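Colleague: For reference, the file model-v2.cif (mmCIF, C-alpha atoms) is included below:
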```cif
data_run
loop_
_atom_site.group_PDB
_atom_site.id
_atom_site.type_symbol
_atom_site.label_atom_id
_atom_site.label_comp_id
_atom_site.auth_asym_id
_atom_site.auth_seq_id
_atom_site.Cartn_x
_atom_site.Cartn_y
_atom_site.Cartn_z
ATOM 1 C CA MET V 25 0.000 0.000 0.000
ATOM 2 C CA VAL V 26 1.292 3.425 -0.942
ATOM 3 C CA ARG V 27 0.221 5.598 1.968
ATOM 4 C CA PRO V 28 2.671 8.092 3.434
ATOM 5 C CA ARG V 29 0.908 8.454 6.786
ATOM 6 C CA VAL V 30 -2.132 7.539 8.852
ATOM 7 C CA GLY V 31 -5.168 9.801 8.858
ATOM 8 C CA ASP V 32 -7.200 11.123 5.967
ATOM 9 C CA PHE V 33 -6.486 10.688 2.251
ATOM 10 C CA VAL V 34 -6.049 14.389 1.441
ATOM 11 C CA TYR V 35 -2.341 14.719 0.685
ATOM 12 C CA SER V 36 -0.006 17.674 0.216
ATOM 13 C CA GLU V 37 2.237 17.971 -2.829
ATOM 14 C CA ASP V 38 5.196 16.818 -0.725
ATOM 15 C CA GLU V 39 3.243 13.727 0.351
ATOM 16 C CA ILE V 40 2.326 12.957 -3.273
ATOM 17 C CA LYS V 41 6.027 13.189 -4.162
ATOM 18 C CA VAL V 42 6.809 10.708 -1.378
ATOM 19 C CA MET V 43 4.160 8.347 -2.799
ATOM 20 C CA LEU V 44 5.684 8.604 -6.288
ATOM 21 C CA GLU V 45 9.142 7.862 -4.891
ATOM 22 C CA GLU V 46 7.797 4.849 -2.992
ATOM 23 C CA ILE V 47 6.268 3.527 -6.211
ATOM 24 C CA ARG V 48 9.616 3.832 -8.009
ATOM 25 C CA THR V 49 11.243 1.901 -5.159
ATOM 26 C CA PHE V 50 8.550 -0.797 -5.251
ATOM 27 C CA LYS V 51 8.956 -1.188 -9.008
ATOM 28 C CA ASN V 52 12.717 -1.586 -8.601
ATOM 29 C CA LEU V 53 12.050 -4.294 -6.008
ATOM 30 C CA GLY V 54 9.814 -6.171 -8.454
ATOM 31 C CA VAL V 55 6.447 -5.896 -6.695
ATOM 32 C CA ALA V 56 3.395 -7.045 -8.666
ATOM 33 C CA GLY V 57 1.167 -4.115 -7.810
ATOM 34 C CA ILE V 58 0.290 -1.180 -5.604
ATOM 35 C CA VAL V 59 -2.756 0.020 -3.694
ATOM 36 C CA PHE V 60 -3.484 3.723 -3.165
ATOM 37 C CA GLY V 61 -6.225 6.310 -2.718
ATOM 38 C CA VAL V 62 -6.185 10.102 -2.908
ATOM 39 C CA LEU V 63 -8.960 12.610 -2.174
ATOM 40 C CA LEU V 64 -9.507 16.350 -2.245
ATOM 41 C CA SER V 65 -10.663 18.305 0.784
ATOM 42 C CA ASP V 66 -14.196 18.580 -0.658
ATOM 43 C CA GLY V 67 -14.664 14.800 -0.490
ATOM 44 C CA SER V 68 -14.060 14.085 -4.179
ATOM 45 C CA VAL V 69 -11.319 11.953 -5.728
ATOM 46 C CA ASP V 70 -8.073 13.822 -6.424
ATOM 47 C CA LEU V 71 -8.057 12.945 -10.122
ATOM 48 C CA GLU V 72 -4.902 14.895 -10.963
ATOM 49 C CA SER V 73 -2.831 13.142 -8.295
ATOM 50 C CA ALA V 74 -4.443 9.796 -9.112
ATOM 51 C CA ARG V 75 -3.383 10.143 -12.756
ATOM 52 C CA ARG V 76 0.189 10.980 -11.706
ATOM 53 C CA ILE V 77 0.304 7.939 -9.429
ATOM 54 C CA VAL V 78 -1.142 5.627 -12.079
ATOM 55 C CA LYS V 79 1.313 6.912 -14.703
ATOM 56 C CA GLU V 80 4.220 6.230 -12.330
ATOM 57 C CA ALA V 81 2.927 2.794 -11.320
ATOM 58 C CA LEU V 82 2.124 1.314 -14.730
ATOM 59 C CA PRO V 83 2.532 -1.425 -15.859
ATOM 60 C CA LEU V 84 1.961 -2.758 -12.312
ATOM 61 C CA GLU V 85 -1.450 -3.925 -11.107
ATOM 62 C CA ILE V 86 -3.111 -0.876 -9.545
ATOM 63 C CA THR V 87 -5.901 -0.856 -6.969
ATOM 64 C CA PHE V 88 -7.690 2.286 -5.781
ATOM 65 C CA HIS V 89 -8.532 1.514 -2.154
ATOM 66 C CA ARG V 90 -11.395 2.298 0.198
ATOM 67 C CA ALA V 91 -10.685 6.018 0.159
ATOM 68 C CA VAL V 92 -13.538 5.933 -2.375
ATOM 69 C CA ASP V 93 -15.853 4.964 0.484
ATOM 70 C CA MET V 94 -14.982 8.246 2.205
ATOM 71 C CA THR V 95 -16.158 10.398 -0.717
ATOM 72 C CA VAL V 96 -19.168 12.686 -0.771
ATOM 73 C CA ASP V 97 -20.864 10.679 -3.548
ATOM 74 C CA PHE V 98 -19.504 7.147 -3.688
ATOM 75 C CA GLU V 99 -21.165 6.048 -6.927
ATOM 76 C CA SER V 100 -20.266 9.109 -9.014
ATOM 77 C CA GLU V 101 -16.680 9.090 -7.716
ATOM 78 C CA LEU V 102 -16.424 5.400 -8.611
ATOM 79 C CA VAL V 103 -17.245 6.314 -12.209
ATOM 80 C CA LYS V 104 -14.530 8.989 -12.206
ATOM 81 C CA ILE V 105 -11.945 6.501 -10.943
ATOM 82 C CA SER V 106 -13.010 4.034 -13.633
ATOM 83 C CA GLN V 107 -12.342 6.663 -16.301
ATOM 84 C CA ILE V 108 -8.744 7.333 -15.230
ATOM 85 C CA GLY V 109 -7.469 4.265 -17.085
ATOM 86 C CA GLY V 110 -4.804 1.858 -15.885
ATOM 87 C CA ILE V 111 -6.557 0.983 -12.615
ATOM 88 C CA SER V 112 -7.089 -2.771 -12.250
ATOM 89 C CA ARG V 113 -9.388 -2.827 -9.228
ATOM 90 C CA ILE V 114 -11.384 -0.582 -6.940
ATOM 91 C CA LEU V 115 -11.550 -1.874 -3.357
ATOM 92 C CA THR V 116 -14.822 -0.738 -1.799
ATOM 93 C CA SER V 117 -17.424 -1.510 0.822
ATOM 94 C CA GLY V 118 -20.095 0.241 -1.209
ATOM 95 C CA GLY V 119 -19.619 3.561 0.571
ATOM 96 C CA SER V 120 -20.531 2.020 3.922
ATOM 97 C CA LEU V 121 -18.748 0.747 7.010
ATOM 98 C CA SER V 122 -18.897 -2.841 5.712
ATOM 99 C CA VAL V 123 -19.784 -4.721 2.538
ATOM 100 C CA SER V 124 -22.894 -6.081 4.253
ATOM 101 C CA ASN V 125 -24.141 -2.539 4.890
ATOM 102 C CA GLY V 126 -23.112 -1.416 1.399
ATOM 103 C CA LEU V 127 -24.692 -4.315 -0.528
ATOM 104 C CA PRO V 128 -27.506 -2.255 -2.098
ATOM 105 C CA ALA V 129 -25.004 0.268 -3.488
ATOM 106 C CA LEU V 130 -22.654 -2.506 -4.613
ATOM 107 C CA GLU V 131 -25.512 -4.266 -6.364
ATOM 108 C CA ARG V 132 -26.310 -1.057 -8.283
ATOM 109 C CA VAL V 133 -22.650 -0.648 -9.228
ATOM 110 C CA PHE V 134 -22.334 -4.247 -10.439
ATOM 111 C CA ARG V 135 -25.518 -3.892 -12.493
ATOM 112 C CA GLN V 136 -24.201 -0.718 -14.144
ATOM 113 C CA THR V 137 -20.568 -1.755 -14.607
ATOM 114 C CA SER V 138 -19.207 -4.421 -16.906
ATOM 115 C CA ALA V 139 -15.927 -2.895 -18.082
ATOM 116 C CA PRO V 140 -12.723 -2.668 -16.018
ATOM 117 C CA PRO V 141 -11.710 -1.865 -13.414
ATOM 118 C CA LEU V 142 -12.872 -4.826 -11.392
ATOM 119 C CA ILE V 143 -14.968 -3.956 -8.323
ATOM 120 C CA LEU V 144 -13.431 -5.673 -5.290
ATOM 121 C CA PRO V 145 -15.774 -5.754 -2.279
ATOM 122 C CA GLY V 146 -13.955 -5.580 1.032
ATOM 123 C CA SER V 147 -14.563 -4.757 4.711
ATOM 124 C CA GLY V 148 -16.269 -7.129 7.082
ATOM 125 C CA VAL V 149 -16.033 -10.064 4.663
ATOM 126 C CA ASN V 150 -15.920 -13.347 6.587
ATOM 127 C CA ALA V 151 -17.487 -16.801 6.695
ATOM 128 C CA LYS V 152 -20.728 -15.404 8.170
ATOM 129 C CA THR V 153 -21.179 -12.504 5.742
ATOM 130 C CA ALA V 154 -19.918 -14.158 2.544
ATOM 131 C CA PRO V 155 -23.107 -16.092 1.631
ATOM 132 C CA ALA V 156 -25.275 -12.951 1.448
ATOM 133 C CA ILE V 157 -22.558 -11.149 -0.527
ATOM 134 C CA LEU V 158 -22.291 -14.055 -2.964
ATOM 135 C CA ASP V 159 -26.080 -14.363 -3.239
ATOM 136 C CA THR V 160 -26.310 -10.704 -4.209
ATOM 137 C CA LEU V 161 -23.237 -10.127 -6.380
ATOM 138 C CA TYR V 162 -21.944 -13.409 -7.817
ATOM 139 C CA GLY V 163 -24.380 -13.537 -10.708
ATOM 140 C CA LEU V 164 -23.606 -9.894 -11.516
ATOM 141 C CA GLY V 165 -19.913 -10.475 -12.215
ATOM 142 C CA LEU V 166 -18.274 -10.773 -8.793
ATOM 143 C CA THR V 167 -14.967 -12.639 -9.171
ATOM 144 C CA GLU V 168 -12.969 -11.583 -6.088
ATOM 145 C CA LEU V 169 -13.498 -10.684 -2.436
ATOM 146 C CA HIS V 170 -11.086 -8.929 -0.091
ATOM 147 C CA ALA V 171 -10.780 -10.136 3.497
ATOM 148 C CA SER V 172 -8.156 -9.881 6.218
ATOM 149 C CA GLY V 173 -9.304 -12.893 8.226
ATOM 150 C CA GLY V 174 -8.011 -11.056 11.250
ATOM 151 C CA ILE V 175 -8.940 -10.227 14.803
ATOM 152 C CA PHE V 176 -7.464 -8.080 17.543
ATOM 153 C CA VAL V 177 -5.628 -10.161 20.157
ATOM 154 C CA ASP V 178 -4.306 -8.895 23.449
ATOM 155 C CA SER V 179 -0.701 -7.729 23.446
ATOM 156 C CA ILE V 180 1.926 -9.758 25.310
ATOM 157 C CA ALA V 181 3.303 -6.484 26.709
ATOM 158 C CA LYS V 182 3.291 -6.712 30.477
ATOM 159 C CA PHE V 183 4.193 -3.058 31.054
ATOM 160 C CA ARG V 184 1.510 -0.704 29.778
ATOM 161 C CA LYS V 185 2.296 2.904 30.589
ATOM 162 C CA PRO V 186 -0.837 4.607 31.937
ATOM 163 C CA GLY V 187 -2.151 7.502 29.888
ATOM 164 C CA MET V 188 0.059 6.708 26.896
ATOM 165 C CA GLY V 189 -1.040 5.626 23.443
ATOM 166 C CA MET V 190 -0.133 5.684 19.786
ATOM 167 C CA GLY V 191 -3.459 6.711 18.318
ATOM 168 C CA LEU V 192 -5.714 3.671 18.528
ATOM 169 C CA SER V 193 -8.829 3.670 20.676
ATOM 170 C CA GLU V 194 -8.263 3.025 24.364
ATOM 171 C CA GLU V 195 -9.639 -0.518 24.188
ATOM 172 C CA LYS V 196 -7.448 -1.405 21.171
ATOM 173 C CA GLU V 197 -4.243 0.400 22.198
ATOM 174 C CA TRP V 198 -2.737 -2.731 23.730
ATOM 175 C CA SER V 199 -3.992 -5.122 21.080
ATOM 176 C CA VAL V 200 -2.370 -6.579 17.976
ATOM 177 C CA TRP V 201 -4.185 -7.276 14.678
ATOM 178 C CA GLN V 202 -3.494 -10.817 13.466
ATOM 179 C CA THR V 203 -4.705 -12.740 10.455
ATOM 180 C CA ARG V 204 -5.984 -16.134 11.594
ATOM 181 C CA VAL V 205 -5.598 -19.236 9.441
ATOM 182 C CA GLU V 206 -8.863 -20.622 10.788
ATOM 183 C CA ASN V 207 -10.767 -17.491 9.700
ATOM 184 C CA VAL V 208 -9.314 -17.595 6.196
ATOM 185 C CA SER V 209 -9.965 -21.350 5.944
ATOM 186 C CA ALA V 210 -13.558 -20.938 7.118
ATOM 187 C CA LEU V 211 -14.201 -18.215 4.540
ATOM 188 C CA ARG V 212 -12.666 -20.326 1.777
ATOM 189 C CA ALA V 213 -14.771 -23.339 2.787
ATOM 190 C CA VAL V 214 -17.979 -21.275 2.738
ATOM 191 C CA MET V 215 -17.140 -19.839 -0.674
ATOM 192 C CA ASP V 216 -16.199 -23.228 -2.146
ATOM 193 C CA HIS V 217 -19.419 -24.776 -0.799
ATOM 194 C CA TRP V 218 -21.511 -21.890 -2.124
ATOM 195 C CA ILE V 219 -19.985 -22.074 -5.611
ATOM 196 C CA LYS V 220 -20.156 -25.890 -5.752
ATOM 197 C CA GLY V 221 -23.844 -25.724 -4.915
ATOM 198 C CA ARG V 222 -24.483 -23.625 -8.009
ATOM 199 C CA GLN V 223 -22.559 -25.690 -10.571
#
```
How would this structure read if it were set down as structure tokens?
Modeller:
Amino acid sequence: MVRPRVGDFVYSEDEIKVMLEEIRTFKNLGVAGIVFGVLLSDGSVDLESARRIVKEALPLEITFHRAVDMTVDFESELVKISQIGGISRILTSGGSLSVSNGLPALERVFRQTSAPPLILPGSGVNAKTAPAILDTLYGLGLTELHASGGIFVDSIAKFRKPGMGMGLSEEKEWSVWQTRVENVSALRAVMDHWIKGRQ
């Protein structure tokens, strides 16, 4: 992921230059692709910066990430991203907190979109939510889902300095995000079973 800092996706010119330099480094290292997202302060996609980033990143695989879900008008901004050219995928929860909440918007997008880039639903995708997502989107062209398979687990740190933190919420400050094999395996099993049942 090409993201120079935590926080919002409205970047200064210096931050955009850092992103472009990171892309050059990644290309030299032989990475297959990059993920990025850039917005303007009015809640629209920063098309000028996006074009610069895409131009620098090609011919790598390029995904515009869930910054699109933070826009003022998710569906119209999705169209703008699609028209940039060179973007392989758009990772989105349908403009909502999770794919489950954004399913109506995602269904509209899938019905209206057949050309690239590929719409990649992600956020809250797991073994419990996958069947409803597949029921709604699979017949409309869904080919990929994005999932972390992770959970927060308690830190092994015994000393926890009172009143200190690094920016997470108080309940998560002393937790570590870990991808769990069992979560990924359960999601894969649900998806395989769902697809097999429709062949």
Colleague: Near stretch 111-127 of chain V, within 6 Å and counting all atoms listed in the file, which residues show up once chain neighbours fewer than 2 positions away are dropped, as a list in words?
Modeller: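 Neighbouring residues, sequence-local ones excluded: Glu85, Ile86, Thr87, Phe88, His89, Arg90, Asp93, Phe98, Gly109, Ala129, Leu130, Glu131, Pro141, Leu142, Ile143, Leu144, Pro145, Gly146, Ser147 and Gly148 of chain V.
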Colleague: In Å, how far is it from atom CA of V:Thr49 to atom CA of V:Gly61?
Modeller: 18.2 Å
Colleague: Could you list the residues chosen by the PyMOL selection byres ((chain V and resi 95) around 8) in this structure as an MDAnalysis selection string?
Modeller: chainID V and resid 63 67:69 91:94 96:98 101 119
Colleague: Carefully work through the PyMOL selection byres ((chain V and resi 108) around 10) for this structure and note down the residues it includes, as number ranges by chain.
Modeller: V: 71-72, 74-75, 78, 103-107, 109-111, 141
Colleague: Those selected residues, please, written with C-alpha atoms and delivered as a PDB file, keeping the file's coordinate frame.
Modeller:
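Full text of part_30.pdb as output:
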```pdb
ATOM      1  CA  LEU V  71      -8.057  12.945 -10.122  1.00  0.00           C
ATOM      2  CA  GLU V  72      -4.902  14.895 -10.963  1.00  0.00           C
ATOM      3  CA  ALA V  74      -4.443   9.796  -9.112  1.00  0.00           C
ATOM      4  CA  ARG V  75      -3.383  10.143 -12.756  1.00  0.00           C
ATOM      5  CA  VAL V  78      -1.142   5.627 -12.079  1.00  0.00           C
ATOM      6  CA  VAL V 103     -17.245   6.314 -12.209  1.00  0.00           C
ATOM      7  CA  LYS V 104     -14.530   8.989 -12.206  1.00  0.00           C
ATOM      8  CA  ILE V 105     -11.945   6.501 -10.943  1.00  0.00           C
ATOM      9  CA  SER V 106     -13.010   4.034 -13.633  1.00  0.00           C
ATOM     10  CA  GLN V 107     -12.342   6.663 -16.301  1.00  0.00           C
ATOM     11  CA  GLY V 109      -7.469   4.265 -17.085  1.00  0.00           C
ATOM     12  CA  GLY V 110      -4.804   1.858 -15.885  1.00  0.00           C
ATOM     13  CA  ILE V 111      -6.557   0.983 -12.615  1.00  0.00           C
ATOM     14  CA  PRO V 141     -11.710  -1.865 -13.414  1.00  0.00           C
TER      15      PRO V 141
END
```
Colleague: Would you list the contacts of V:Ala81 as a list in words, taking every protein, DNA or RNA residue within 10 Å and counting all atoms listed in the file, but skipping same-chain residues closer than 6 positions in sequence?
Modeller: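 Using all atoms listed in the file, the neighbours found are Leu44, Glu46, Ile47, Arg48, Phe50, Lys51, Gly57, Ile58, Val59, Arg75, Gly110 and Ile111 of chain V.
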Colleague: Selection in question (the file shown): the PyMOL selection byres ((chain V and resi 198) around 7). Which residues does it include, as an NGL selection string?
Modeller: :V and (178-179 or 196-197 or 199-200)
Colleague: Under the rule that only C-alpha atoms are counted, which of V:Lys41, V:Lys185, V:Arg132, V:Arg222 is the nearest residue to V:Glu99?
Modeller: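 Looking only at the distances to V:Glu99, the closest residue turns out to be V:Arg132.
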Colleague: One decimal, in Å: what's the spacing between atom CA of V:Arg27 and atom CA of V:Val55?
Modeller: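 According to the coordinates, atom CA of V:Arg27 and atom CA of V:Val55 are separated by 15.7 Å.
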Colleague: In Å, how far is it from atom CA of V:His170 to atom CA of V:Asn52?
Modeller: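 Atom CA of V:His170 sits 26.3 Å away from atom CA of V:Asn52.
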Colleague: Between V:Val34, V:Leu158, V:Leu82, V:Met25, single out the one closest to V:His217, counting only C-alpha atoms.
Modeller: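 Among the listed residues, V:Leu158 lies closest to V:His217.
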Colleague: Nearest residue to V:Phe134 out of V:Ile40, V:Ile77, V:Leu164, V:Val26, using only C-alpha atoms?
Modeller: V:Leu164
Colleague: Using all atoms listed in the file, which of the listed residues (V:Arg212, V:Arg204, V:Arg135, V:Arg29) sits closest to V:Thr160?
Modeller: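 Among V:Arg212, V:Arg204, V:Arg135, V:Arg29, it is V:Arg135 that comes nearest to V:Thr160.
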Colleague: Under the rule that only C-alpha atoms are counted, which of V:Leu211, V:Ile219, V:Leu64, V:Met43 is the nearest residue to V:Gly163?
Modeller: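 Result for the nearest residue to V:Gly163: V:Ile219.
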Colleague: Hey, can I get the axis-aligned box for stretch 116-123 of chain V? All listed atoms, 8 Å padding on each side, centre and edge lengths in Å to one decimal, as JSON.
Modeller:
```
{"center_x": -17.7, "center_y": -0.6, "center_z": 2.6, "size_x": 21.7, "size_y": 24.3, "size_z": 24.8}
```
